[in-house]
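To start, the structure itself, in structure tokens.
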Amino acid sequence: MKKQTRILSRLLVVSVVLGSLVTPIYAANGTPVKTNSSVLNTEQVISEIKSKKRVPTYTEVTTVTYNPNSNTYSKGNAKYWDNTMNGYFLSIHRTENQPATYSLSKGGKTITYKEGDSRAVVANAPVTFVASIDPIYNINKLTTTTTVSFIGEEIVNNRKTYHLKGKGKTINVPLPPQAPQNLQKRTHTYPDLEMWFDKETGTVIKSKMLNHEMNVTKIEVSPKFDDNTFTLPLPAGVKMVNLDDVIKEQQQQPGS
């Protein structure tokens, strides 16, 4: 009997341990949903996000920006076909009541075009990346401008994420020696930042800062882009111009 009791006790202990390791699956509705507590600390999460290898993705993004001066909200959306690891990138940005903006990078050149314009601008430039959702750009932004804390693992917009929250740092702003004495110790406080990084790709799935919020509503990892994906069909009559020529034109205008 004592032997059976010992065996039963061990089985109960094993069951409790295994149960604590199971991550429950939740039906996400766009609101962060906490999963089990992670054993990782802040430094380990940051290191893991930085180690993510870039992979081709297709993403759809929505943004909401509040303007306190006019007490109005501005909504936008974007689509990104990201194959920067092979030198290709295409984006379409739309803000409500504004013309769409297109950007295509390939072959060492980037073409930008705003809907309704008579010209598209070509520049010699490295392939574009999306700053708002790029893992390395945003991790560096967080660690440079804020004191970062790892909040936990959460499901956001149907993706498993790492939730990081940054308290804005206050720094001394260098001023020229001739500045008035009372200004020589001026400081600047960076805004607080809150970001949710995709566990699989490192992509920022959601971010909050001041009066701005961004959400990745759809992400496809390693999609098969076809031959026609990275093209920019322009309306008839649109002229391609070089960025250097556009700059020269602007410099020659009166008052420039």
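Chain labels A, B, ... are given in the sequence in which chains occur in the structure tokens; within each chain residues are numbered consecutively from 1, and ligands are likewise numbered from 1 in the order shown.
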
What parts of segment 29-161 of chain A does DSSP call strand (DSSP E)? I'd like the answer as a ChimeraX atom specification.
/A:33-34,57-67,72-83,88-95,101-106,109-114,119-124,146-156,159-161

Taking the chain letters and numbering used in this document, name the residues of segment 48-177 of chain A that DSSP puts in helix (DSSP H, G or I), as an MDAnalysis selection string.
chainID A and resid 48:50 84:86 135:145

Can I get the residues of segment 160-231 of chain A within 6 Å of segment 54-74 of chain A, each with the closest pair of atoms and their distance in Å to one decimal, using only C-alpha atoms, sorted chain first then ascending number, as JSON lines?
```
{"residue": "A:Asn211", "atom": "CA", "partner": "A:Tyr66", "partner_atom": "CA", "distance": 5.1}
{"residue": "A:His212", "atom": "CA", "partner": "A:Thr65", "partner_atom": "CA", "distance": 4.5}
{"residue": "A:Glu213", "atom": "CA", "partner": "A:Val64", "partner_atom": "CA", "distance": 5.4}
{"residue": "A:Met214", "atom": "CA", "partner": "A:Thr63", "partner_atom": "CA", "distance": 4.5}
{"residue": "A:Asn215", "atom": "CA", "partner": "A:Thr62", "partner_atom": "CA", "distance": 5.4}
{"residue": "A:Val216", "atom": "CA", "partner": "A:Val61", "partner_atom": "CA", "distance": 4.4}
{"residue": "A:Thr217", "atom": "CA", "partner": "A:Glu60", "partner_atom": "CA", "distance": 5.7}
{"residue": "A:Lys218", "atom": "CA", "partner": "A:Glu60", "partner_atom": "CA", "distance": 5.1}
{"residue": "A:Ile219", "atom": "CA", "partner": "A:Thr59", "partner_atom": "CA", "distance": 4.4}
{"residue": "A:Glu220", "atom": "CA", "partner": "A:Tyr58", "partner_atom": "CA", "distance": 5.1}
{"residue": "A:Val221", "atom": "CA", "partner": "A:Thr57", "partner_atom": "CA", "distance": 4.8}
{"residue": "A:Ser222", "atom": "CA", "partner": "A:Pro56", "partner_atom": "CA", "distance": 4.8}
```

Export of the given selection (N, CA, C and O atoms) as a PDB file, in the first residue's frame:
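Saved as selection_21.pdb:
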```
ATOM      1  N   ASN A 211       0.375  59.415 -29.739  1.00  0.00           N
ATOM      2  CA  ASN A 211      -0.959  59.416 -30.327  1.00  0.00           C
ATOM      3  C   ASN A 211      -1.055  58.523 -31.562  1.00  0.00           C
ATOM      4  O   ASN A 211      -1.911  58.745 -32.421  1.00  0.00           O
ATOM      5  N   HIS A 212      -0.170  57.528 -31.646  1.00  0.00           N
ATOM      6  CA  HIS A 212      -0.115  56.696 -32.855  1.00  0.00           C
ATOM      7  C   HIS A 212      -0.155  55.216 -32.488  1.00  0.00           C
ATOM      8  O   HIS A 212       0.506  54.778 -31.539  1.00  0.00           O
ATOM      9  N   GLU A 213      -0.952  54.447 -33.254  1.00  0.00           N
ATOM     10  CA  GLU A 213      -1.000  53.001 -33.067  1.00  0.00           C
ATOM     11  C   GLU A 213      -0.935  52.308 -34.424  1.00  0.00           C
ATOM     12  O   GLU A 213      -1.551  52.752 -35.392  1.00  0.00           O
ATOM     13  N   MET A 214      -0.163  51.220 -34.492  1.00  0.00           N
ATOM     14  CA  MET A 214       0.004  50.448 -35.717  1.00  0.00           C
ATOM     15  C   MET A 214      -0.315  48.982 -35.432  1.00  0.00           C
ATOM     16  O   MET A 214       0.052  48.449 -34.387  1.00  0.00           O
ATOM     17  N   ASN A 215      -1.017  48.336 -36.376  1.00  0.00           N
ATOM     18  CA  ASN A 215      -1.329  46.919 -36.260  1.00  0.00           C
ATOM     19  C   ASN A 215      -1.066  46.212 -37.581  1.00  0.00           C
ATOM     20  O   ASN A 215      -1.489  46.694 -38.635  1.00  0.00           O
ATOM     21  N   VAL A 216      -0.369  45.081 -37.525  1.00  0.00           N
ATOM     22  CA  VAL A 216      -0.253  44.192 -38.678  1.00  0.00           C
ATOM     23  C   VAL A 216      -1.463  43.271 -38.652  1.00  0.00           C
ATOM     24  O   VAL A 216      -1.597  42.432 -37.761  1.00  0.00           O
ATOM     25  N   THR A 217      -2.358  43.453 -39.604  1.00  0.00           N
ATOM     26  CA  THR A 217      -3.602  42.674 -39.627  1.00  0.00           C
ATOM     27  C   THR A 217      -3.460  41.365 -40.395  1.00  0.00           C
ATOM     28  O   THR A 217      -4.295  40.474 -40.270  1.00  0.00           O
ATOM     29  N   LYS A 218      -2.399  41.269 -41.208  1.00  0.00           N
ATOM     30  CA  LYS A 218      -2.172  40.036 -41.969  1.00  0.00           C
ATOM     31  C   LYS A 218      -0.691  39.894 -42.250  1.00  0.00           C
ATOM     32  O   LYS A 218      -0.012  40.874 -42.576  1.00  0.00           O
ATOM     33  N   ILE A 219      -0.181  38.683 -42.096  1.00  0.00           N
ATOM     34  CA  ILE A 219       1.215  38.421 -42.454  1.00  0.00           C
ATOM     35  C   ILE A 219       1.320  37.027 -43.052  1.00  0.00           C
ATOM     36  O   ILE A 219       0.764  36.067 -42.515  1.00  0.00           O
ATOM     37  N   GLU A 220       1.985  36.940 -44.199  1.00  0.00           N
ATOM     38  CA  GLU A 220       2.286  35.659 -44.836  1.00  0.00           C
ATOM     39  C   GLU A 220       3.803  35.498 -44.838  1.00  0.00           C
ATOM     40  O   GLU A 220       4.518  36.369 -45.343  1.00  0.00           O
ATOM     41  N   VAL A 221       4.270  34.412 -44.275  1.00  0.00           N
ATOM     42  CA  VAL A 221       5.706  34.172 -44.157  1.00  0.00           C
ATOM     43  C   VAL A 221       6.184  33.303 -45.314  1.00  0.00           C
ATOM     44  O   VAL A 221       5.582  32.270 -45.605  1.00  0.00           O
ATOM     45  N   SER A 222       7.252  33.751 -45.980  1.00  0.00           N
ATOM     46  CA  SER A 222       7.839  33.043 -47.127  1.00  0.00           C
ATOM     47  C   SER A 222       6.823  32.731 -48.213  1.00  0.00           C
ATOM     48  O   SER A 222       6.708  31.581 -48.677  1.00  0.00           O
TER      49      SER A 222
END
```

So which residues touch Leu243 of chain A within 10 Å, counting only C-alpha atoms, skipping near sequence neighbours fewer than 2 positions away, as a PyMOL selection string?
chain A and resi 110-112+120-124+240-241+245-249

Using only C-alpha atoms, which residues of segment 232-254 of chain A come within 12 Å of segment 92-105 of chain A, and what is the closest atom pair for each, with the distance in Å to one decimal? Give it as a tab-separated table, sorted by chain and residue number.
```
residue	atom	partner	partner_atom	distance
A:Leu232	CA	A:Leu104	CA	6.8
A:Pro233	CA	A:Tyr102	CA	10.2
A:Leu234	CA	A:Tyr102	CA	9.9
```

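The nearest approach to Phe129 of chain A among the residues A:Gly87, A:Pro177, A:Gly76, A:Gly107, with only C-alpha atoms taken into account, belongs to A:Gly87.
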